[in-house]
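Asks: What follows is a structure written as C-alpha cells; I'll ask about it next.
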Amino acid sequence: MVDQLPNLGREAEMLAAMGMDSIDDLFTDIPEHVRRVDPLDLPSPQTEEEILREARMLLGTNVSVDSRPSFLGAGLYSNYVPTMVAMLATRGEFLTAYTPYQPEVSQGILQAMWEFQTMVSELVGLPVSNVSMYDASTAAAEALTCAVRVHDRKAAQKSTVYVSELVPPHRMSVIENYTQGAEIAIKILPHDEDGMLDLTAAAAAEGACAVYVEQPNALGLLDPGLCELKSMIGENTALVVGVQPVSLGLVSPPGDYGADIVVGEGQPFGIGPTAGGPIYGLFACSQAYIRQMPGRIVGLSRDSDGERAFTLTLSTREQHIRRHRATSNICSNETLIALMGAMHMALLGPEGLEKLAQRNAGACATTKAALLAIDGIEMVHPNGVHFNEFAIRLPRPSVDLLTFLDEECEITGGFDLSQWWPERENELLVCATDQIDAEDIEELAEGIRDWLEASK
Amino acid sequence: MVDQLPNLGREAEMLAAMGMDSIDDLFTDIPEHVRRVDPLDLPSPQTEEEILREARMLLGTNVSVDSRPSFLGAGLYSNYVPTMVAMLATRGEFLTAYTPYQPEVSQGILQAMWEFQTMVSELVGLPVSNVSMYDASTAAAEALTCAVRVHDRKAAQKSTVYVSELVPPHRMSVIENYTQGAEIAIKILPHDEDGMLDLTAAAAAEGACAVYVEQPNALGLLDPGLCELKSMIGENTALVVGVQPVSLGLVSPPGDYGADIVVGEGQPFGIGPTAGGPIYGLFACSQAYIRQMPGRIVGLSRDSDGERAFTLTLSTREQHIRRHRATSNICSNETLIALMGAMHMALLGPEGLEKLAQRNAGACATTKAALLAIDGIEMVHPNGVHFNEFAIRLPRPSVDLLTFLDEECEITGGFDLSQWWPERENELLVCATDQIDAEDIEELAEGIRDWLEASK
Amino acid sequence: MSDLFAFNGAEGAGYAQPEPISDEFAIPDKLRRSTLPRWPRASEPEIVRHYTWLSTRSHGIDSGFYPLGSCTMKHNPRVNERIVQMPGMNDLHALAPASHLQGMMAIFHEMQEMLAHCAGMDTVTLQPVAGAQGEFTAMRCIQEYHREIGQANRDKVIVPDSAHGTNPASAAMCGYEIIEIPSLENGRLDLDALRAVVGDDTAAMMITNPSTLGIFEPEIAEAAEIVHEAGGQMYYDGANFNAILGKTNPGMMGFDAVHYNLHKTFSQPHGGGGPGAGPIGVKAHLSDYLPAPLVVAEEDEEGEVWFDWYDPPKSIGKVQQWHGNSGATVRAWAFYRRYGRDLEKMSEHAVLNANYLRHRIMNPSKEVRDAIHAMPVDGAPTDVVKHEFTLSMTPVKDATGVTGKDVAKRLLDYGYMAPTLYFPMIVPECLMLEPTETESKEAIDQFADDFLNILTEDPEIVKTAPHDTPVKRVDEVWAARNLVLRHPMDD
Amino acid sequence: MSDLFAFNGAEGAGYAQPEPISDEFAIPDKLRRSTLPRWPRASEPEIVRHYTWLSTRSHGIDSGFYPLGSCTMKHNPRVNERIVQMPGMNDLHALAPASHLQGMMAIFHEMQEMLAHCAGMDTVTLQPVAGAQGEFTAMRCIQEYHREIGQANRDKVIVPDSAHGTNPASAAMCGYEIIEIPSLENGRLDLDALRAVVGDDTAAMMITNPSTLGIFEPEIAEAAEIVHEAGGQMYYDGANFNAILGKTNPGMMGFDAVHYNLHKTFSQPHGGGGPGAGPIGVKAHLSDYLPAPLVVAEEDEEGEVWFDWYDPPKSIGKVQQWHGNSGATVRAWAFYRRYGRDLEKMSEHAVLNANYLRHRIMNPSKEVRDAIHAMPVDGAPTDVVKHEFTLSMTPVKDATGVTGKDVAKRLLDYGYMAPTLYFPMIVPECLMLEPTETESKEAIDQFADDFLNILTEDPEIVKTAPHDTPVKRVDEVWAARNLVLRHPMDD
Ligand SMILES: Cc1ncc(COP(=O)(O)O)c(C=O)c1O
Ligand SMILES: Cc1ncc(COP(=O)(O)O)c(C=O)c1O
C-alpha cells in the first residue's frame with residue numbers, strides 16, 4: 001500500500017463529516033459513459049527502498065561522462081559544480097516553493113533571482129535579464145519572436161530574421177517551431193572557409209528584424225567578425241548572440257559589441273549535463289526589448305513600511321494576464337536550476353570565472369595540440385581560435401573512430417558532426433572542459449593513433 | 001592558496017585599524033624559546049575538486065557492506081535509512097549548531113531531543129532518557145558507575161558489579177577503563193550450554209551495586225531468563241540491560257522486566273555502520289537514577305510569556321558546573337546522530353518498528369535454516385532463539401571460511417568469534433538484517449558448501 | 001539583511017579551483033574581455049550563510065500548507081531527489097550513444113507507456129519541459145496534421161473563458177486565432193456557445209476537465225462530439241489530472257491530445273517557479289507528428305530488451321534541444337513507482353481532501369458563523385468538487401471592504417501560502433484552493449478554522465495584512481513604475 | 001507549533017517497508033512485546049514538515065555569527081559532508097578485514113602523522129570521540145605509565161582554576177584527586193602556586209595554552225619544567241589549538257600528551273552538541289599505552305603501501321568500541337587537505353579576527369562611547385589575545401543592573417548566537433568571544449557595532465531580552481523543578 005497519504009485509513013471519518021458513505025460519493029459527477037471500469041493496469045506500489053534499489057540498478061547501466069574521459073560537448077558541458085550548490089538549493093524552502101506570487105513570503109527566492117539577473121547582466125553586458133528560459137534553444141527562438149515584435153513595424157524586411165548556418169540543427173528546429181506561427185521568414189547566413197561569418201553576406205540583414213549568431217559557434221570558433229555586425233545592421237535590427245557563458249570569463253560580453261539580446265545555455269553554471277534537462281536558458285536584453293521579452297522578471301520594490309522588498313514585475317506581458325496576446329506562453333520555468341547557477345556564479349566571483357574560462361581554454365588548447373600532432377588528423381579550421389571545442393577531419397567516418405574509442409578504450413571521443421550535417425561524415429567535434437586533464441588527453445591521442453594504425 | 005578565509009588579502013587593513021604592521025605583531029606574546037622556526041611540513045592547500053577526487057579514489061578502495069552480501073554484524077548493523085533523514089539532518093540550522101546553551105534560539109534541536117527522549121523512553125519502557133552517549137560501550141560503562149553512585153551506600157557488596165561473560169571484549173575493555181578509577185570490582189556472570197545466563201550463579205549478585213546483561217546477547221540469543229533477574233537481585237541492585245534497539249519491535253522492553261537502566265547502540269536508527277562512528281549510545285533509566293545519570297537532558301519549560309519552551313536541564317550534574325564531582329566528563333556528545341535516529345524512529349512509527357524487527361528476525365531465521373541444512377555446519381546453540389545473529393560451528397577455523405568467501409565469492413561471511421574469544425576458533429557469528437534477501441542467503445550457503453567441498 | 005553584492009573580499013581570494021592545465025591559449029584581441037563582471041567576491045562561509053538566510057525568507061510546501069489552486073502543491077518524496085543526484089543521471093550527456101543511456105531510456109519507455117495508459121492515449125513524448133510547452137507542442141502537431149490532410153484553413157482554436165492563460169497563449173504562438181467562449185452561469189461549459197462557434201475553420205478546442213473551477217464537466221463527451229463533427233481536434237489541458245486517475249481519462253472523454261504536468265500530478269519540486277515537465281500524449285492519428293525522438297523497445301531473440309531512439313516520420317522536429325527535462329522524468333518515475341496502481345487512491349484522496357476542506361469552510365459552527373462578517377460563496381455551485389474549488393469573496397468585500405487579496409495576505413500571517421488569487425477570472429474576487437492528497441485531516445481542519453477566523457477579524461487588520469512576514473505588503477506598482485531590475489552597483 | 005506526538009494517522013498507514021522475507025521466526029513467549037511504543041503515526045509529508053519547522057527554530061553558524069568562545073564555531077566546508085555520505089564511508093563495517101578498509105586506513109594514517117607533526121608529538125590515536133574522552137584517555141595512559149614505572153602513588157592532578165570543567169572531571173574519572181591552583185590577578189598561571197602543590201604525588205598537570213582567557217601563558221615552559229622535575233606529566237588541553245598552528249606547539253612547550261578537538265580546530269559540524277572527535281597525541285614514553293588499535297603503514301618490496309592495525313604492547317585497551325568517530329576523522333582530513341601548510345594562515349586569521357573584534361569593541365567612537373552606560377573591561381589585561389578573549393560585564397552590571405546574561409540574551413535579538421557565558425569562572429560576569437577565522441571583517445564590524453549599541457539601550461529592554469526569538473526568555477528553574485523529561489502522552 002502506498003505510504004504517502006496522511007489520511008489513509010481515515011476516509012470514513014472524513015466522509016462521515018460530509019454526510020457521505022463512500023469514496024464513490026465523491027465521483028458521482030462523472031457520468032457513467034466516461035467512467036473507467038477497469039482499474040489501472042499498473043504494478044503494485046513500491047517502497048522507497050525498492051525504488052532506490054531499482055533506480056540504482058537502472059541508472060548504473062548508464063555510462064556517464066564522469067566515469068571515463070569524455071570529449072563530448074556540442075552544447076552541453078561537463079564541469080565541476082561546488083558541493084554547496086546542491087546542498088543549499090535542496091533546502092525545502094527553495095525546493096518546494098512555487099512561483100513567488102506572494103512576495104511577502106517569497107523574498108528569498110525573489111532576491112536570489114534579482115541577484116541572478118544582476119550577475120547575468122554583468123556577465124553578458126546588457127542591463128536586463130529574466131529569471132530563465134527552458135533552455136538555450138527556446139531562448140534563441142523567443143529572442144527572435146521578441147525582436148520581430150519590437151522591430152517589425154519599422155522593418156524594411158518585414159517578419160524576416162537572419163540566422164547563422166552554423167546553428168546546430170536541433171536548435172534550429174526549435175527556432176523553426178517557435179517562429180512559424182508568427183510567419184517569420186528565416187534567412188541563412190553563410191560562413192567562410194575559416195568558419196567565420198561571411199560579413200559581406202551578412203550586410204543583407206540590414207532592415208530585417210533580427211540576426212542570430214553564436215559566439216563561440218557550434219564548431220567552437222571564436223569569431224571577431226561578429227564585433228562588426230551591429231554597425232552593419234543598424235539600430236532597427238536586433239543583434240541576438242548565443243553564448244557559452246563560461247567563455248565570457250575571457251571573451252568580450254556581447255553587449256560590448258552591440259548585442260541587443262544575449263541568450264545561451266546557463267547549464268555550465270550550476271548543474272551537470274544531466275541528460276539535457278532540467279537545465280536553463282539565459283535571456284538578457286537591452287532596455288528597448290523589456291516590454292516584449294518573455295519570462296518572469298524580478299524587480300526591486302518596497303513594502304508598506306518602506307523597507308526594501310522584491311516582487312515579480314512587468315507581469316502584464318505574461319500569459320496569465322495578457323492571455324493570447326502575451327509575449328510568450330512560458331509559465332513554469334527553470335528557476336531552481338537558475339538558482340543553482342546563481343549560487344555557482346556567486347561562489348566563483350570575477351576571478352573564479354576567469355580562472356574557470358582559462359581552465360576550459362587551456363584544456364581545449366592542449367587537446368588540440370595533442371591531436372594536431374597525430375599524423376592523419378587535420379583541423380577543419382586550422383586558422384581558427386577555439387573555445388571548449390574544435391572540429392577535426394579524419395581519414396574515415398568519425399562514427400568508426402567513436403565506436404573504436406568507446407569499445408576499445410572506454411573513451412567518449414566527441415560528437416560525430418554528420419549527425420548534424422551529413423556532409424561532415426569524416427568530421428569529429430572534440431570538446432575539452434575543465435574536467436579534462438593531461439592524462440585524459442594522452443589517452444585520447446593514444447586511442448586515435450591506435451585506430452589509425454588498426455585501419456591501415 | 002586556501003579559499004576558506006574571508007579576510008585573506010585584507011590583513012593589512014585590519015592590522016592598521018589596530019595600529020599594527022604585521023601578523024607577527026599578533027604573536028609577540030609567544031616567547032622565543034617556544035616559537036616554531038620551520039614552517040609546517042605539510043603539502044600545499046588543495047581545492048574542493050581535488051579533495052573530492054582523492055576522497056572518491058581512497059574511499060573507493062574500501063569494500064563496503066552495501067556493495068556485496070554481508071553477514072557481518074556483531075554490534076554494528078546495516079539497515080536502510082530513509083533518504084529524508086540525511087536531507088533534513090544536514091540542514092544548516094541542525095548541522096552547524098552547538099550545544100543549545102541559549103534555549104531561546106535553539107528550540108528546534110531541544111524539542112527534537114525531547115521527542116527523542118520520549119521515543120527512547122517508550123521503546124525501552126523506562127521514564128527517562130538522555131540525549132545520547134558516545135556509543136553503547138561508554139553507555140554501559142557509565143551506567144555501571146552511575147549505579148555504583150546510587151547504590152554503594154547501602155550495598156552489601158561495596159563497589160561491586162556483575163557483568164555477563166558474553167559482553168564482547170571490546171565493550172568490556174571500555175567498561176574496565178571507565179570503572180577502574182572508582183575502584184569498582186567486576187565479577188563475571190557465567191552462561192549455560194545454551195548460552196543462557198546461569199541464574200543460579202546470578203543470585204550471587206544480590207547486594208552488589210549492579211548487574212549488566214545484554215538482550216539479545218553477543219551471540220544473538222534472546223534470554224527469557226533475564227526476566228527473572230530483577231526479582232533475584234532486589235531493589236538495591238541496579239539491573240542494567242544492553243539492547244539492540246530494533247529487536248524491541250518484537251521483544252519486551254527491559255523496563256517491563258525490571259531493568260533500571262537500559263543502554264545500547266542507537267546506530268540502527270538513523271545511520272549506517274559508518275566504520276563504527278559517529279554513532280550514538282542510548283541511555284535510559286528509572287526516576288531513581290536521574291540525578292546521577294551522565295549526559296545532557298532536555299526538559300519542558302515555559303518562557304516569560306508562559307509559552308511552552310524547552311531547555312537543557314539538570315545541568316548541575318554536569319562537568320561545566322560540578323567539575324570534578326560531575327556524574328560524567330561528557331561534554332560534546334552525539335546529538336546530530338541521535339537526531340537522525342529520532343527522524344528515523346518518527347518516520348517508522350509503531351507498526352514500522354514492528355515490521356523492521358520482523359524483517360530482521362525473518363532474515364535471521366531464513367539464514368539460520370539455510371545454513372543448518374548444510375552438512376558439516378552445526379549451530380553452537382541449537383536450542384536458542386536468535387535475533388539478527390547466531391553462531392555456527394565449522395569443521396575448521398572460521399577465518400579460513402571467511403577468507404574463502406571474501407576472495408572466491410565476494411561475500412562478507414560474518415565475524416570470526418576467535419577474535420573475541422580465542423577458544424572459539426571454529427565458530428562464526430552470522431548476522432542477517434533487513435538488508436539481506438533470499439538471494440544473498442542462497443549465495444552464502446552455496447559459498448559455504450563450496451568451501452566444505454574444496455577442503456575435503 | 002544579507003546583500004550578495006556587499007561581499008567584498010580581496011581579489012582572487014574566494015573559492016579556489018585547480019590551475020589550468022595549460023596557459024597556451026589565445027583569445028583574439030578584439031574579443032578579449034577588458035573588465036570582469038562585478039560579481040561578488042565572497043568565500044564559501046559567506047555564500048552559505050547568504051543562501052541559508054535567503055531560504056528562511058521563502059515559504060515552500062515543507063514550510064506549511066500550500067493550497068495554491070491549479071498548482072497541485074503536493075509533498076515531494078525525498079528519495080526522488082536522492083535518485084536524480086545519483087551517478088548515471090546528473091552526469092549523463094544527452095548526445096551520448098544509446099548504448100550509454102539504456103537505463104535512462106528504460107525509464108523513459110516505462111513513463112511513455114504508463115502516461116499513455118493513464119490518459120487513454122496511444123503515444124507519449126516526454127520532450128516538452130512544461131505544461132505550456134506541452135500545449136504548444138500538441139497544437140503544433142495538430143497544425144501539421146491539418147496541413148497534411150489538406151485542412152490548413154483550420155486556423156481557429158476555441159477556449160472557454162475559464163481556461164488557463166497558457167492555453168490561448170500557446171495556441172496563439174502557433175499562429176492560431178483564439179475564440180473565447182463564455183461559461184454558463186453555473187461555471188459549466190456552454191454547449192450552445194460552443195456550437196455557435198465551431199465550423200470548418202475550427203482547428204481545436206482546448207479545455208481542462210475538471211475545469212479550473214474544480215468541477216467535472218458532465219457534458220465533455222458531447223462537447224468532443226460537437227468539435228469532432230466539425231472536424232476539429234480536442235485538446236486536454238492536463239493540469240488538473242490529479243483529480244481523475246483511475247476514475248476516467250481524457251481518451252474516454254473524447255480527447256485527441258493531452259499534456260501532463262509532471263510537476264503537478266507526479267510531484268516535482270516546483271523550485272520557486274520550475275523546472276516542470278509537460279509530456280504530451282496523443283491518439284494514433286497524431287503520433288507521427290510528435291517531436292523527435294521517442295524511445296522504443298526492441299526485444300532480441302534471447303528476450304534481451306534494447307531501447308532505441310525513434311523519429312516519428314512526420315515529426316514537427318524539436319521543442320527543446322535535448323530530451324526534455326530528463327531529471328524531472330526520472331523523479332516522476334520514482335513517484336509513480338511509489339504509487340503504482342494506487343495512483344487511483346492518490347486521486348481519491350486529492351478529491352476527498354478538497355471536498356473536506358470545502359465542507360469545513362462552508363459549514364462553520366453556529367458560534368463561528370455568528371462571528372463572521374460575511375461568508376464567501378461557491379465560485380460555482382455544485383454538490384461535489386474534484387481536487388480543488390473556488391470561493392468568491394464578493395460578499396465579504398461588500399460587507400467589510402476586505403478583498404480576496406486581503407484575505408490571501410492575511411493567511412500568510414498564519415503561516416500559510418495563499419490560495420490562487422483572481423483565477424479563474426470568471427469568478428469575482430476568486431480564491432482557488434487545492435489542498436492536495438498529502439495534507440492531513442488535522443492540517444486541513446486547522447486551515448479551515450484559521451480561514452474562518454480571518455473572516456471574524458477586524459477588517460482593518462486584514463486589509464493591512466500581512467503583519468508577521470519577512471516584509472510587509474509589497475508595493476507592486478512601485479516595482480513596475482521604477483523597474484529596478486538589477487543591482488545598480490553604485491552603492 | 002508542530003507536535004510530533006499529535007501526528008495521528010491510521011494504524012500501519014505510514015512509511016512503508018518491503019515485507020519480511022519470512023515470518024518463520026519465534027520470540028520466546030515471555031519476551032514477546034505486548035504493546036508497541038507510542039511513537040507518532042505519521043506520513044513522510046508530516047515528518048518532513050515537522051523537522052523543517054524545528055530547524056527554523058534553531059540557530060547554527062549557517063544562520064549567523066556564532067562567537068561562542070572555547071567552541072571554535074567556524075564554517076564547515078560543505079564538501080566534507082558530501083564525502084562522508086559517499087559509498088565506502090557510511091557503509092563500512094568497523095570489524096571488516098583490513099583489506100576492506102585500506103582507503104579509510106590510509107586517511108587514518110595520514111591524520112595520525114599530520115596531527116603528531118602539528119602538535120610536536122610522537123604518536124597519535126584517533127579513537128577518543130570527544131575532547132573530554134581524549135582527556136580521559138590520555139590520563140589513563142599516564143596512570144598506566146606511572147603504575148608501570150612503579151609510581152602508582154602519583155594520585156594527584158593539578159588544574160588551574162581557569163580550566164574547562166572536563167579537565168577535572170576526566171581526571172577524577174580515572175580516580176585522581178584534583179588540586180586546583182588559583183590564577184594570578186592578571187589571569188595568568190601562578191608558578192608559585194604551582195610550585196607549592198607539586199610533589200612526588202603529582203601525576204600530571206592539565207592546562208590549555210592559550211588559556212581559556214584567550215591569552216598565551218608565557219611561562220608555560222617553566223611550568224612544564226616544574227612539573228617534570230617533580231616527576232609529573234604535562235597534559236595539554238587542545239581545545240584552543242586553533243590559535244597556534246605553525247607558530248608553536250605543545251611539544252615545544254614541554255607537554256607529554258595532548259588532545260585535539262577535531263570539531264573545533266578541524267571543523268566538524270557540531271550538530272547541536274556533537275559528534276566531535278578527540279584524538280590524542282603523546283610523546284614516545286607514553287606511546288605504548290595508547291588505546292588499541294593504531295594504523296601503521298608497511299611498504300612491500302614493490303613500494304606498495306599496506307595499512308594494518310597495530311595494538312600497542314601496554315595498551316590501556318579501548319575507550320570506544322570501534323575506531324572512534326571515523327566519519328569525523330574523514331571530515332577533518334578533508335578540512336586539513338583544504339588548508340595543507342596554510343593551517344598556519346588559519347591560526348593567523350583566527351587570531352587576527354579575535355584581536356580585531358576585541359579592538360572594535362574596546363575602542364568605540366567618541367559618539368558611541370558617550371552613549372554607553374558603562375564599558376565592559378578586559379577579562380585579563382593583555383596587549384594581544386589569541387583566538388578568543390573575555391570581557392567582564394561587571395561595570396555594566398554595577399551601572400545599570402544589566403548582567404552578562406542579559407547582554408547575551410539581547411544579542412539573540414540581533415540574530416547572533418551569544419558568546420560563552422560565565423566561563424571561565426574566574427572572570428566575573430564573563431562573556432567569552434571567539435569569532436574564528438571564517439568571519440569576514442564586515443561581519444565582525446557589524447557585530448561590534450551591535451554589541452556596543454546594546455550597551456546604549458534602555459536597560460529594561462536588555463534585562464527582558466530576548467524579544468524577537470522563537471520563544472521569550474526560558475525559565476530554567478521551572479524546568480529543573482518540574483522535570484518534564486518526556487511527552488506525557490496523556491493529552
Ligand atoms: C490549468 C493549467 N494549465 C496549464 C498550466 C501551464 O503549465 P506550466 O506552468 O507547466 O507551463 C497551468 C500551470 O500553472 C495550469 O494551472
Ligand atoms: C577548553 C576546553 N577543553 C575541553 C573541552 C571538551 O571537549 P569536548 O566537548 O569535545 O568533550 C572543551 C569543549 O567545550 C573546551 O572548550
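As shown in the C-alpha cells, the chain order sets the letters A, B, ...; within each chain, residues go from 1, and ligands are also counted from 1 in the order they appear.
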Residues at most 7 Å from segment 463-471 of chain D, counting only C-alpha atoms, excluding those fewer than 6 positions away in the same chain, as number ranges by chain?
Replies: B: 104-105, 303, 309; D: 57, 402, 406, 409-410, 412-413
Asks: Using only C-alpha atoms, find the residues of chain A whose closest atom to chain D is at most 12 Å away, then write them as a ChimeraX atom specification.
Replies: /A:1-13,44-51,53,81-88,91-93,96
Asks: Output C-alpha atoms for every residue in the selection just made, as a PDB file, in the first residue's frame.
Replies:
ATOM      1  CA  MET A   1       0.000   0.000   0.000  1.00  0.00           C
ATOM      2  CA  VAL A   2       1.236   3.459  -0.826  1.00  0.00           C
ATOM      3  CA  ASP A   3       2.734   5.344   2.100  1.00  0.00           C
ATOM      4  CA  GLN A   4       2.397   8.973   1.076  1.00  0.00           C
ATOM      5  CA  LEU A   5      -1.190   9.669   2.134  1.00  0.00           C
ATOM      6  CA  PRO A   6      -1.653  11.005   5.665  1.00  0.00           C
ATOM      7  CA  ASN A   7      -5.396  10.325   5.573  1.00  0.00           C
ATOM      8  CA  LEU A   8      -5.219   6.722   4.508  1.00  0.00           C
ATOM      9  CA  GLY A   9      -7.473   4.746   6.811  1.00  0.00           C
ATOM     10  CA  ARG A  10      -9.305   7.883   7.901  1.00  0.00           C
ATOM     11  CA  GLU A  11     -11.534   8.184   4.853  1.00  0.00           C
ATOM     12  CA  ALA A  12     -14.678   7.048   6.692  1.00  0.00           C
ATOM     13  CA  GLU A  13     -14.273   9.679   9.373  1.00  0.00           C
ATOM     14  CA  SER A  44       1.747  -2.638  -7.006  1.00  0.00           C
ATOM     15  CA  PRO A  45       3.126   0.293  -5.096  1.00  0.00           C
ATOM     16  CA  GLN A  46       6.767   0.009  -4.115  1.00  0.00           C
ATOM     17  CA  THR A  47       8.594   1.181  -1.040  1.00  0.00           C
ATOM     18  CA  GLU A  48      11.286   3.803  -1.020  1.00  0.00           C
ATOM     19  CA  GLU A  49      13.899   1.090  -0.521  1.00  0.00           C
ATOM     20  CA  GLU A  50      12.764  -0.874  -3.519  1.00  0.00           C
ATOM     21  CA  ILE A  51      12.578   2.144  -5.798  1.00  0.00           C
ATOM     22  CA  ARG A  53      17.457  -0.120  -5.413  1.00  0.00           C
ATOM     23  CA  VAL A  81      29.697  22.130  -9.527  1.00  0.00           C
ATOM     24  CA  PRO A  82      30.661  23.003  -5.942  1.00  0.00           C
ATOM     25  CA  THR A  83      29.019  20.828  -3.304  1.00  0.00           C
ATOM     26  CA  MET A  84      27.442  23.804  -1.637  1.00  0.00           C
ATOM     27  CA  VAL A  85      25.155  24.301  -4.617  1.00  0.00           C
ATOM     28  CA  ALA A  86      23.147  21.098  -4.359  1.00  0.00           C
ATOM     29  CA  MET A  87      23.144  21.180  -0.569  1.00  0.00           C
ATOM     30  CA  LEU A  88      21.651  24.644  -0.387  1.00  0.00           C
ATOM     31  CA  ARG A  91      16.653  23.267   1.165  1.00  0.00           C
ATOM     32  CA  GLY A  92      12.900  22.780   1.298  1.00  0.00           C
ATOM     33  CA  GLU A  93      12.084  26.465   1.236  1.00  0.00           C
ATOM     34  CA  THR A  96       9.286  23.088  -2.665  1.00  0.00           C
TER      35      THR A  96
END
Asks: Mind listing the residues within 10 Å of ligand 2, only C-alpha atoms and all ligand atoms counted, as a ChimeraX atom specification?
Replies: /B:98-99,319-320,329-333 /D:68-72,128-136,162-167,170,207-213,236-241,259-264,270,273-279,420,423-424
Asks: Nearest to Ala338 of chain A: which of A:Thr433, A:Thr200, A:Ser137, A:Gln267 is it, counting only C-alpha atoms?
Replies: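 Checking each candidate against Ala338 of chain A, we get A:Gln267 as the closest.
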Asks: Go through segment 226-302 of chain B and collect every residue that DSSP, computed from the backbone, puts in helix (DSSP H, G or I); the answer should be as a list in words.
Replies: Leu226, Cys227, Glu228, Leu229, Lys230, Ser231, Met232, Ile233, Pro245, Val246, Ser247, Leu248, Gly249, Pro254, Gly255, Asp256, Tyr257, Thr274, Ala275, Gly276, Gln287, Ala288, Tyr289, Ile290, Arg291 and Gln292 of chain B
Asks: Between atom CA of Leu343 of chain D and atom CA of Ala17 of chain B, what is the distance in Å, rounded to a tenth?
Replies: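 Value for the atom CA of Leu343 of chain D-atom CA of Ala17 of chain B distance: 24.5 Å.
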Asks: Using only C-alpha atoms and all ligand atoms, which residue out of A:Gly220, A:Gly295, A:Gly414, A:Pro273 lies closest to ligand 1?
Replies: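 Of the candidates, the smallest distance to ligand 1 is held by A:Gly295.
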Asks: Have a look at atom CA of Lys456 of chain B and atom CA of Ala438 of chain B and let me know their distance in Å, one decimal.
Replies: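 Distance reported for this atom pair: 27.2 Å.
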Asks: Would you list the contacts of Asp38 of chain B as a PyMOL selection string, taking every protein, DNA or RNA residue within 10 Å and counting only C-alpha atoms, but skipping same-chain residues closer than 2 positions in sequence?
Replies: (chain B and resi 35-36+40-41) or (chain D and resi 246-248)
Asks: Report the distance between atom CA of Val163 of chain A and atom CA of His151 of chain A in Å, rounded to one decimal place.
Replies: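 One can read the atom CA of Val163 of chain A to atom CA of His151 of chain A distance as 16.2 Å.
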Asks: Of the candidates A:Val167, A:Ser328, A:Asp66, A:Gly125, which one gets nearest to ligand 1 if we count only C-alpha atoms and all ligand atoms?
Replies: A:Ser328
Asks: List the spatial neighbours of His373 of chain C as a list in words - criterion: any atom at most 7 Å away, only C-alpha atoms, same-chain residues fewer than 3 positions off excluded.
Replies: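 Listed by chain and then number, they are Val396, Ala399, Leu455 and Thr456 of chain C.
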Asks: Any chance you could export the current selection's all heavy atoms as a PDB file, in the first residue's frame?
Replies:
ATOM      1  N   VAL C 396     -17.927  39.151   1.218  1.00  0.00           N
ATOM      2  CA  VAL C 396     -17.028  39.677   2.248  1.00  0.00           C
ATOM      3  C   VAL C 396     -16.609  41.092   1.880  1.00  0.00           C
ATOM      4  O   VAL C 396     -16.625  42.007   2.711  1.00  0.00           O
ATOM      5  CB  VAL C 396     -15.794  38.761   2.407  1.00  0.00           C
ATOM      6  CG1 VAL C 396     -14.847  39.308   3.464  1.00  0.00           C
ATOM      7  CG2 VAL C 396     -16.231  37.334   2.737  1.00  0.00           C
ATOM      8  N   ALA C 399     -19.461  43.459   2.411  1.00  0.00           N
ATOM      9  CA  ALA C 399     -19.798  43.718   3.814  1.00  0.00           C
ATOM     10  C   ALA C 399     -18.726  44.516   4.539  1.00  0.00           C
ATOM     11  O   ALA C 399     -19.032  45.314   5.414  1.00  0.00           O
ATOM     12  CB  ALA C 399     -20.042  42.396   4.543  1.00  0.00           C
ATOM     13  N   LEU C 455     -12.233  35.737   8.799  1.00  0.00           N
ATOM     14  CA  LEU C 455     -13.491  36.387   8.424  1.00  0.00           C
ATOM     15  C   LEU C 455     -14.183  37.021   9.630  1.00  0.00           C
ATOM     16  O   LEU C 455     -15.139  37.773   9.471  1.00  0.00           O
ATOM     17  CB  LEU C 455     -14.429  35.389   7.745  1.00  0.00           C
ATOM     18  CG  LEU C 455     -13.860  34.686   6.507  1.00  0.00           C
ATOM     19  CD1 LEU C 455     -14.889  33.742   5.906  1.00  0.00           C
ATOM     20  CD2 LEU C 455     -13.411  35.701   5.463  1.00  0.00           C
ATOM     21  N   THR C 456     -13.684  36.680  10.815  1.00  0.00           N
ATOM     22  CA  THR C 456     -14.255  37.304  12.012  1.00  0.00           C
ATOM     23  C   THR C 456     -13.388  38.459  12.497  1.00  0.00           C
ATOM     24  O   THR C 456     -13.774  39.184  13.408  1.00  0.00           O
ATOM     25  CB  THR C 456     -14.343  36.292  13.186  1.00  0.00           C
ATOM     26  OG1 THR C 456     -13.009  35.992  13.650  1.00  0.00           O
ATOM     27  CG2 THR C 456     -15.036  35.002  12.762  1.00  0.00           C
TER      28      THR C 456
END
Asks: Could you pull the residues within 8 Å of Trp114 of chain A, counting only C-alpha atoms, minus those fewer than 5 positions along the same chain, as a list of chain:residue names?
Replies: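 After dropping sequence-adjacent residues, the list is A:Val131, A:Ile297, A:Val298, A:Gly299, A:Leu300, A:Phe310, C:Leu485, C:Arg486, C:His487.
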Asks: Would you pick out the contacts of Ser304 of chain A at 7 Å or less, using only C-alpha atoms, so that residues sharing its chain but fewer than 3 positions from it are not included, and give the list as a list in words?
Replies: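 Final neighbour list, sorted by chain and number: Lys472, Arg473, Val474 and Asp475 of chain C.
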Asks: Could you save the residues just selected, with N, CA and C atoms, as a PDB file, in the first residue's frame?
Replies:
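After the write, part-v4.pdb holds the following:
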ATOM      1  N   LYS C 472       6.474  43.498   4.914  1.00  0.00           N
ATOM      2  CA  LYS C 472       5.038  43.831   4.919  1.00  0.00           C
ATOM      3  C   LYS C 472       4.522  43.877   3.475  1.00  0.00           C
ATOM      4  N   ARG C 473       3.290  44.342   3.296  1.00  0.00           N
ATOM      5  CA  ARG C 473       2.719  44.230   1.951  1.00  0.00           C
ATOM      6  C   ARG C 473       3.599  44.956   0.926  1.00  0.00           C
ATOM      7  N   VAL C 474       3.907  44.243  -0.140  1.00  0.00           N
ATOM      8  CA  VAL C 474       4.867  44.762  -1.113  1.00  0.00           C
ATOM      9  C   VAL C 474       4.147  45.609  -2.159  1.00  0.00           C
ATOM     10  N   ASP C 475       4.771  46.696  -2.491  1.00  0.00           N
ATOM     11  CA  ASP C 475       4.192  47.655  -3.426  1.00  0.00           C
ATOM     12  C   ASP C 475       4.537  47.245  -4.861  1.00  0.00           C
TER      13      ASP C 475
END
Asks: Using backbone DSSP assignments, extract all strand (DSSP E or B) residues from segment 172-246 of chain B; output them as a list of chain:residue names.
Replies: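 Answer for segment 172-246 of chain B restricted to strand (DSSP E or B) is B:Ala185, B:Ile186, B:Lys187, B:Ile188, B:Leu189, B:His191, B:Leu197, B:Ala210, B:Val211, B:Tyr212, B:Val213, B:Glu214, B:Gln215, B:Leu221, B:Ala238, B:Leu239, B:Val240, B:Val241, B:Gly242, B:Val243.
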